[in-house]
$ cat entry.cif   # mmCIF, C-alpha atoms and all ligand atoms
data_entry
#
loop_
_atom_site.group_PDB
_atom_site.id
_atom_site.type_symbol
_atom_site.label_atom_id
_atom_site.label_comp_id
_atom_site.auth_asym_id
_atom_site.auth_seq_id
_atom_site.Cartn_x
_atom_site.Cartn_y
_atom_site.Cartn_z
ATOM 1 C CA MET A 1 -13.547 -5.660 20.413
ATOM 2 C CA ASN A 2 -11.107 -3.130 18.991
ATOM 3 C CA VAL A 3 -7.669 -4.089 17.766
ATOM 4 C CA VAL A 4 -4.782 -1.782 16.885
ATOM 5 C CA MET A 5 -2.197 -2.988 14.373
ATOM 6 C CA LEU A 6 1.356 -1.749 14.888
ATOM 7 C CA GLY A 7 4.447 -2.379 12.827
ATOM 8 C CA LEU A 8 6.941 -0.820 10.463
ATOM 9 C CA PRO A 9 5.760 0.268 7.025
ATOM 10 C CA GLY A 10 5.630 -3.026 5.113
ATOM 11 C CA ALA A 11 5.193 -5.158 8.253
ATOM 12 C CA GLY A 12 1.877 -6.444 6.883
ATOM 13 C CA LYS A 13 -0.680 -4.339 8.777
ATOM 14 C CA GLY A 14 -2.982 -3.997 5.786
ATOM 15 C CA THR A 15 -2.595 -7.622 4.734
ATOM 16 C CA GLN A 16 -3.467 -8.952 8.178
ATOM 17 C CA SER A 17 -6.179 -6.362 8.883
ATOM 18 C CA LYS A 18 -8.155 -7.564 5.858
ATOM 19 C CA ARG A 19 -7.908 -11.120 7.145
ATOM 20 C CA ILE A 20 -8.907 -10.150 10.684
ATOM 21 C CA GLU A 21 -11.911 -8.334 9.241
ATOM 22 C CA LEU A 22 -13.057 -11.547 7.555
ATOM 23 C CA GLN A 23 -12.227 -13.846 10.486
ATOM 24 C CA PHE A 24 -13.613 -11.795 13.341
ATOM 25 C CA GLY A 25 -16.219 -9.554 11.740
ATOM 26 C CA LEU A 26 -14.383 -6.407 12.788
ATOM 27 C CA ARG A 27 -14.399 -3.416 10.454
ATOM 28 C CA HIS A 28 -11.029 -2.639 8.871
ATOM 29 C CA LEU A 29 -10.246 1.047 9.269
ATOM 30 C CA SER A 30 -7.050 2.162 7.524
ATOM 31 C CA THR A 31 -6.049 5.798 7.955
ATOM 32 C CA GLY A 32 -3.619 5.427 5.045
ATOM 33 C CA ASP A 33 -6.573 4.428 2.827
ATOM 34 C CA LEU A 34 -8.735 7.281 4.158
ATOM 35 C CA LEU A 35 -5.937 9.785 3.506
ATOM 36 C CA ARG A 36 -5.201 8.398 0.041
ATOM 37 C CA SER A 37 -8.855 8.675 -0.963
ATOM 38 C CA GLU A 38 -8.901 12.291 0.284
ATOM 39 C CA LYS A 39 -5.724 12.867 -1.732
ATOM 40 C CA GLN A 40 -7.417 11.441 -4.859
ATOM 41 C CA ARG A 41 -10.084 14.145 -4.662
ATOM 42 C CA GLY A 42 -7.459 16.749 -5.465
ATOM 43 C CA THR A 43 -9.012 19.308 -3.080
ATOM 44 C CA PRO A 44 -6.742 21.783 -1.228
ATOM 45 C CA LEU A 45 -6.881 19.391 1.752
ATOM 46 C CA GLY A 46 -6.060 16.488 -0.584
ATOM 47 C CA ARG A 47 -3.049 18.352 -1.957
ATOM 48 C CA ALA A 48 -1.794 19.116 1.552
ATOM 49 C CA ILE A 49 -2.177 15.425 2.454
ATOM 50 C CA ALA A 50 -0.315 14.388 -0.708
ATOM 51 C CA GLU A 51 2.611 16.584 0.247
ATOM 52 C CA ARG A 52 2.868 14.860 3.660
ATOM 53 C CA ILE A 53 2.365 11.290 2.447
ATOM 54 C CA ASP A 54 4.684 11.568 -0.540
ATOM 55 C CA SER A 55 7.495 12.859 1.657
ATOM 56 C CA GLY A 56 6.863 10.090 4.201
ATOM 57 C CA ASN A 57 5.834 12.461 6.978
ATOM 58 C CA TYR A 58 2.766 12.116 9.160
ATOM 59 C CA VAL A 59 -0.267 14.362 8.822
ATOM 60 C CA THR A 60 -1.436 16.097 11.995
ATOM 61 C CA ASP A 61 -3.011 14.134 14.827
ATOM 62 C CA GLU A 62 -6.117 16.337 14.604
ATOM 63 C CA LEU A 63 -6.650 15.662 10.901
ATOM 64 C CA VAL A 64 -6.272 11.922 11.167
ATOM 65 C CA ILE A 65 -8.517 11.651 14.219
ATOM 66 C CA SER A 66 -11.182 13.792 12.532
ATOM 67 C CA LEU A 67 -11.197 11.332 9.600
ATOM 68 C CA VAL A 68 -11.498 8.423 12.032
ATOM 69 C CA ALA A 69 -14.356 10.180 13.861
ATOM 70 C CA GLN A 70 -16.257 10.620 10.584
ATOM 71 C CA ALA A 71 -15.717 6.967 9.686
ATOM 72 C CA LEU A 72 -16.910 5.768 13.108
ATOM 73 C CA LYS A 73 -20.068 7.872 12.855
ATOM 74 C CA VAL A 74 -21.175 6.365 9.570
ATOM 75 C CA SER A 75 -20.122 2.769 10.121
ATOM 76 C CA ALA A 76 -21.456 1.693 13.567
ATOM 77 C CA ALA A 77 -19.594 -1.624 13.565
ATOM 78 C CA LYS A 78 -19.371 -3.838 16.640
ATOM 79 C CA GLY A 79 -15.606 -3.372 16.630
ATOM 80 C CA TYR A 80 -12.708 -2.270 14.506
ATOM 81 C CA VAL A 81 -9.270 -3.230 13.425
ATOM 82 C CA PHE A 82 -7.331 0.012 13.327
ATOM 83 C CA ASP A 83 -4.606 -0.077 10.689
ATOM 84 C CA GLY A 84 -2.191 2.846 10.847
ATOM 85 C CA VAL A 85 -3.762 4.615 13.812
ATOM 86 C CA PRO A 86 -2.831 5.492 16.517
ATOM 87 C CA ARG A 87 0.614 6.441 15.321
ATOM 88 C CA THR A 88 1.586 8.744 18.179
ATOM 89 C CA ILE A 89 0.966 8.714 21.916
ATOM 90 C CA SER A 90 -1.255 11.729 21.440
ATOM 91 C CA GLN A 91 -3.346 9.892 18.808
ATOM 92 C CA ASP A 92 -3.777 7.038 21.270
ATOM 93 C CA ARG A 93 -5.304 9.429 23.774
ATOM 94 C CA MET A 94 -7.506 11.055 21.144
ATOM 95 C CA LEU A 95 -8.682 7.708 19.757
ATOM 96 C CA SER A 96 -9.394 6.376 23.246
ATOM 97 C CA ASP A 97 -11.509 9.458 24.017
ATOM 98 C CA LEU A 98 -13.347 9.028 20.738
ATOM 99 C CA LEU A 99 -14.029 5.336 21.334
ATOM 100 C CA ALA A 100 -15.279 6.112 24.840
ATOM 101 C CA GLN A 101 -18.088 8.111 23.225
ATOM 102 C CA PHE A 102 -19.215 4.840 21.639
ATOM 103 C CA ASN A 103 -18.668 2.888 24.889
ATOM 104 C CA MET A 104 -15.644 1.215 23.362
ATOM 105 C CA GLN A 105 -11.937 0.990 24.107
ATOM 106 C CA ILE A 106 -8.729 -0.374 22.600
ATOM 107 C CA ASP A 107 -8.681 -4.001 23.759
ATOM 108 C CA LEU A 108 -5.620 -5.339 21.990
ATOM 109 C CA ALA A 109 -2.540 -4.008 20.208
ATOM 110 C CA ILE A 110 -0.776 -6.388 17.850
ATOM 111 C CA GLU A 111 2.785 -5.580 16.882
ATOM 112 C CA LEU A 112 3.850 -7.279 13.639
ATOM 113 C CA ARG A 113 7.595 -7.472 14.089
ATOM 114 C CA VAL A 114 9.869 -7.496 11.040
ATOM 115 C CA SER A 115 13.378 -6.163 10.498
ATOM 116 C CA ARG A 116 13.945 -2.956 8.583
ATOM 117 C CA GLU A 117 15.547 -5.026 5.823
ATOM 118 C CA VAL A 118 12.418 -7.168 5.386
ATOM 119 C CA ALA A 119 10.210 -4.075 5.459
ATOM 120 C CA ARG A 120 12.328 -2.245 2.902
ATOM 121 C CA LYS A 121 12.401 -5.271 0.567
ATOM 122 C CA ARG A 122 8.628 -5.765 0.712
ATOM 123 C CA LEU A 123 7.934 -2.106 0.003
ATOM 124 C CA SER A 124 10.346 -1.891 -2.904
ATOM 125 C CA ASP A 125 8.810 -5.085 -4.341
ATOM 126 C CA ARG A 126 5.350 -3.593 -3.878
ATOM 127 C CA ALA A 127 6.378 -0.352 -5.646
ATOM 128 C CA SER A 128 6.309 -1.971 -9.072
ATOM 129 C CA ILE A 129 2.982 -3.732 -8.386
ATOM 130 C CA GLU A 130 0.858 -1.067 -6.682
ATOM 131 C CA GLY A 131 2.660 2.118 -7.672
ATOM 132 C CA ARG A 132 2.174 3.803 -4.297
ATOM 133 C CA THR A 133 3.813 7.225 -4.527
ATOM 134 C CA ASP A 134 5.497 6.779 -1.119
ATOM 135 C CA ASP A 135 7.202 3.505 -2.087
ATOM 136 C CA THR A 136 10.355 5.130 -3.488
ATOM 137 C CA ALA A 137 13.718 4.204 -1.949
ATOM 138 C CA GLU A 138 14.198 7.630 -0.368
ATOM 139 C CA THR A 139 10.668 7.893 1.062
ATOM 140 C CA ILE A 140 10.738 4.299 2.339
ATOM 141 C CA ARG A 141 13.935 5.112 4.245
ATOM 142 C CA HIS A 142 12.329 8.187 5.784
ATOM 143 C CA ARG A 143 9.076 6.353 6.656
ATOM 144 C CA LEU A 144 11.051 3.739 8.577
ATOM 145 C CA GLU A 145 12.794 6.500 10.541
ATOM 146 C CA VAL A 146 9.550 8.335 11.269
ATOM 147 C CA TYR A 147 8.020 5.091 12.561
ATOM 148 C CA GLU A 148 10.913 4.543 14.972
ATOM 149 C CA ALA A 149 10.735 8.118 16.260
ATOM 150 C CA GLU A 150 6.974 8.691 16.417
ATOM 151 C CA THR A 151 5.209 5.330 16.589
ATOM 152 C CA ALA A 152 7.571 2.827 18.236
ATOM 153 C CA PRO A 153 6.986 4.445 21.694
ATOM 154 C CA LEU A 154 3.403 3.143 21.481
ATOM 155 C CA ILE A 155 4.741 -0.390 21.846
ATOM 156 C CA ASP A 156 5.960 0.206 25.394
ATOM 157 C CA HIS A 157 2.838 2.215 26.076
ATOM 158 C CA TYR A 158 0.581 -0.751 25.232
ATOM 159 C CA ARG A 159 2.920 -3.201 26.931
ATOM 160 C CA THR A 160 2.551 -1.218 30.149
ATOM 161 C CA GLN A 161 -1.222 -1.403 29.764
ATOM 162 C CA GLY A 162 -0.948 -5.184 29.358
ATOM 163 C CA ILE A 163 -2.703 -5.234 25.979
ATOM 164 C CA LEU A 164 0.306 -5.726 23.674
ATOM 165 C CA ARG A 165 0.927 -8.954 21.770
ATOM 166 C CA THR A 166 3.988 -9.211 19.537
ATOM 167 C CA VAL A 167 3.835 -11.488 16.526
ATOM 168 C CA ASP A 168 6.626 -12.611 14.170
ATOM 169 C CA GLY A 169 5.703 -10.777 10.972
ATOM 170 C CA ARG A 170 8.437 -12.453 8.894
ATOM 171 C CA LYS A 171 6.455 -15.655 8.512
ATOM 172 C CA THR A 172 4.052 -16.310 5.638
ATOM 173 C CA PRO A 173 0.769 -14.378 5.675
ATOM 174 C CA ASP A 174 -1.109 -17.564 6.707
ATOM 175 C CA GLU A 175 1.315 -18.274 9.550
ATOM 176 C CA VAL A 176 1.122 -14.677 10.760
ATOM 177 C CA LEU A 177 -2.678 -14.862 10.700
ATOM 178 C CA GLU A 178 -2.563 -17.953 12.891
ATOM 179 C CA LEU A 179 -0.448 -16.085 15.472
ATOM 180 C CA VAL A 180 -2.795 -13.130 15.263
ATOM 181 C CA ARG A 181 -5.775 -15.435 15.835
ATOM 182 C CA GLU A 182 -4.105 -16.791 18.948
ATOM 183 C CA ALA A 183 -3.530 -13.264 20.250
ATOM 184 C CA VAL A 184 -7.150 -12.293 19.604
ATOM 185 C CA GLY A 185 -8.329 -15.554 21.178
ATOM 186 C CA GLU A 186 -6.395 -14.787 24.365
ATOM 187 C CA ILE A 187 -8.211 -11.493 24.686
ATOM 188 C CA THR A 188 -11.684 -12.725 23.816
ATOM 189 C CA GLY A 189 -11.208 -15.905 25.845
ATOM 190 C CA GLU A 190 -12.451 -17.899 22.879
ATOM 191 C CA SER A 191 -10.572 -20.676 21.170
ATOM 192 C CA SER A 192 -8.515 -19.269 18.317
ATOM 193 C CA ARG A 193 -8.878 -22.459 16.320
ATOM 194 C CA GLY A 194 -11.549 -23.690 13.977
HETATM 195 P P1 LIG B 201 -0.108 3.694 5.674
HETATM 196 O O1 LIG B 201 -0.942 3.503 4.490
HETATM 197 O O2 LIG B 201 -0.623 3.271 6.989
HETATM 198 O O3 LIG B 201 1.299 3.039 5.360
HETATM 199 P P2 LIG B 201 2.463 2.396 6.255
HETATM 200 O O4 LIG B 201 2.271 2.399 7.708
HETATM 201 O O5 LIG B 201 3.689 3.043 5.747
HETATM 202 O O6 LIG B 201 2.388 0.898 5.926
HETATM 203 P P3 LIG B 201 2.134 0.170 4.572
HETATM 204 O O7 LIG B 201 0.720 0.318 4.179
HETATM 205 O O8 LIG B 201 3.168 0.582 3.568
HETATM 206 O O9 LIG B 201 2.514 -1.319 4.998
HETATM 207 P P4 LIG B 201 1.636 -2.396 5.776
HETATM 208 O O10 LIG B 201 2.191 -2.618 7.127
HETATM 209 O O11 LIG B 201 0.173 -2.112 5.644
HETATM 210 O O12 LIG B 201 2.020 -3.670 4.935
HETATM 211 P P5 LIG B 201 1.215 -4.410 3.756
HETATM 212 O O13 LIG B 201 0.202 -5.333 4.322
HETATM 213 O O14 LIG B 201 0.783 -3.449 2.719
HETATM 214 O O15 LIG B 201 0.270 5.226 5.814
HETATM 215 C C1 LIG B 201 0.760 5.941 4.690
HETATM 216 C C2 LIG B 201 1.019 7.385 5.070
HETATM 217 O O16 LIG B 201 -0.211 8.021 5.434
HETATM 218 C C3 LIG B 201 1.946 7.632 6.253
HETATM 219 O O17 LIG B 201 3.313 7.617 5.890
HETATM 220 C C4 LIG B 201 1.488 9.017 6.692
HETATM 221 O O18 LIG B 201 1.994 10.008 5.833
HETATM 222 C C5 LIG B 201 -0.017 8.944 6.509
HETATM 223 N N1 LIG B 201 -0.722 8.427 7.702
HETATM 224 C C6 LIG B 201 -1.445 7.275 7.793
HETATM 225 N N2 LIG B 201 -1.962 7.126 9.022
HETATM 226 C C7 LIG B 201 -1.549 8.206 9.727
HETATM 227 C C8 LIG B 201 -1.742 8.613 11.087
HETATM 228 N N3 LIG B 201 -2.444 7.872 11.943
HETATM 229 N N4 LIG B 201 -1.168 9.765 11.497
HETATM 230 C C9 LIG B 201 -0.449 10.531 10.639
HETATM 231 N N5 LIG B 201 -0.229 10.215 9.334
HETATM 232 C C10 LIG B 201 -0.772 9.044 8.896
HETATM 233 O O19 LIG B 201 2.397 -5.308 3.172
HETATM 234 C C11 LIG B 201 3.477 -4.709 2.455
HETATM 235 C C12 LIG B 201 3.857 -5.627 1.284
HETATM 236 O O20 LIG B 201 4.354 -6.855 1.794
HETATM 237 C C13 LIG B 201 2.686 -5.977 0.378
HETATM 238 O O21 LIG B 201 3.127 -6.077 -0.935
HETATM 239 C C14 LIG B 201 2.236 -7.342 0.896
HETATM 240 O O22 LIG B 201 1.657 -8.130 -0.099
HETATM 241 C C15 LIG B 201 3.537 -7.936 1.389
HETATM 242 N N6 LIG B 201 3.372 -8.803 2.559
HETATM 243 C C16 LIG B 201 2.537 -8.586 3.612
HETATM 244 N N7 LIG B 201 2.670 -9.574 4.530
HETATM 245 C C17 LIG B 201 3.615 -10.421 4.046
HETATM 246 C C18 LIG B 201 4.192 -11.622 4.565
HETATM 247 N N8 LIG B 201 3.803 -12.138 5.739
HETATM 248 N N9 LIG B 201 5.142 -12.236 3.833
HETATM 249 C C19 LIG B 201 5.537 -11.699 2.634
HETATM 250 N N10 LIG B 201 5.012 -10.569 2.088
HETATM 251 C C20 LIG B 201 4.077 -9.926 2.798
HETATM 252 MG MG MG B 202 -0.979 -0.556 4.808
#
$ encode --input "entry.cif" --output "structure tokens"
Amino acid sequence: MNVVMLGLPGAGKGTQSKRIELQFGLRHLSTGDLLRSEKQRGTPLGRAIAERIDSGNYVTDELVISLVAQALKVSAAKGYVFDGVPRTISQDRMLSDLLAQFNMQIDLAIELRVSREVARKRLSDRASIEGRTDDTAETIRHRLEVYEAETAPLIDHYRTQGILRTVDGRKTPDEVLELVREAVGEITGESSRG
């Protein structure tokens, strides 16, 4: 099974993906993490990535999908929880084509819904703890706008396909996980409890 996590920056995609990984044995694949580790290397590619991330803009669809393709080749998991990808309609198509090569598909998209105010507050609180270079007030504002313009259309896209589940992301992490488990259980046909 492959799950896509959607939601504003700060909605809790990373937090819940780690929990889904533990609960369901799916591999957590975060494109933000992949890009940040490339950035850490300080290569010319890393510097180009840093420029995009630190301004709150997306990197190209081709770059992000090539990183995902590399990760899929080496990991060979039974399924994934995709955190931060797809982020555009075009990435959805590219990821679906890639998964098809492994006889897989996107089975479920979970939208963690929070308001912009909640998202902004969480990210500015996180800034002092994690020191992510894109958690400045100005970049947070831009990231929220980019999400609405580039990524929000995926919600209707997955709704049309009948694979979207929307979860209230404002609740506590444990409560959100319970809702996520229910959504996954509906797809797998297994009980989400216990
Ligand atoms: P990425 O790393 O994916 O960042 P993001 O989407 O902006 O989201 P965040 O990681 O900031 O938030 P999250 O939803 O994971 O929330 P979290 O669990 O941390 O991408 C970064 C950048 O990389 C992009 O801007 C772009 O430049 C580039 N990029 C990545 N993928 C790309 C792609 N596919 N295409 C193009 N470019 C791409 O939670 C946030 C905080 O809230 C934490 O402190 C957490 O502890 C707290 N929290 C979480 N849940 C709760 C809760 N339920 N209650 C209270 N607090 C909570
Ligand atoms: Mg994250």
$ residues_around --input "entry.cif" --residues "stretch 106-111 of chain A" --least-positions-apart "5" --cutoff "7 Å" --atoms "only C-alpha atoms" --output "MDAnalysis selection string"
chainID A and resid 1:7 96 158 163:167
$ write_last_selection --input "entry.cif" --atoms "C-alpha atoms" --output "PDB file, in the coordinates of the input"
ATOM      1  CA  MET A   1     -13.547  -5.660  20.413  1.00  0.00           C
ATOM      2  CA  ASN A   2     -11.107  -3.130  18.991  1.00  0.00           C
ATOM      3  CA  VAL A   3      -7.669  -4.089  17.766  1.00  0.00           C
ATOM      4  CA  VAL A   4      -4.782  -1.782  16.885  1.00  0.00           C
ATOM      5  CA  MET A   5      -2.197  -2.988  14.373  1.00  0.00           C
ATOM      6  CA  LEU A   6       1.356  -1.749  14.888  1.00  0.00           C
ATOM      7  CA  GLY A   7       4.447  -2.379  12.827  1.00  0.00           C
ATOM      8  CA  SER A  96      -9.394   6.376  23.246  1.00  0.00           C
ATOM      9  CA  TYR A 158       0.581  -0.751  25.232  1.00  0.00           C
ATOM     10  CA  ILE A 163      -2.703  -5.234  25.979  1.00  0.00           C
ATOM     11  CA  LEU A 164       0.306  -5.726  23.674  1.00  0.00           C
ATOM     12  CA  ARG A 165       0.927  -8.954  21.770  1.00  0.00           C
ATOM     13  CA  THR A 166       3.988  -9.211  19.537  1.00  0.00           C
ATOM     14  CA  VAL A 167       3.835 -11.488  16.526  1.00  0.00           C
TER      15      VAL A 167
END
$ closest_residue --input "entry.cif" --among "A:Gly14, A:Gly131, A:Gly32, A:Gly25" --to "A:Gly79" --atoms "all atoms listed in the file"
A:Gly25
$ axis_aligned_box --input "entry.cif" --around "stretch 118-132 of chain A" --padding-each-side "3 Å" --output "JSON"
{"center_x": 6.6, "center_y": -1.7, "center_z": -1.8, "size_x": 17.6, "size_y": 17.0, "size_z": 20.5}
$ resolve_selection --input "entry.cif" --expression "the PyMOL selection byres (((chain A and resi 99) around 12) and not hetatm)" --output "JSON, numbers by chain"
{"A": [1, 2, 3, 65, 68, 69, 71, 72, 73, 76, 77, 78, 79, 80, 82, 91, 92, 93, 94, 95, 96, 97, 98, 100, 101, 102, 103, 104, 105, 106, 107]}
$ closest_residue --input "entry.cif" --among "A:Ser66, A:Ser115, A:Gln23, A:Thr15" --to "ligand LIG 201 (chain B)" --atoms "all atoms listed in the file"
A:Thr15
$ closest_residue --input "entry.cif" --among "A:Ser37, A:Thr172, A:Gln161, A:Ser55" --to "ligand LIG 201 (chain B)" --atoms "only C-alpha atoms and all ligand atoms"
A:Thr172
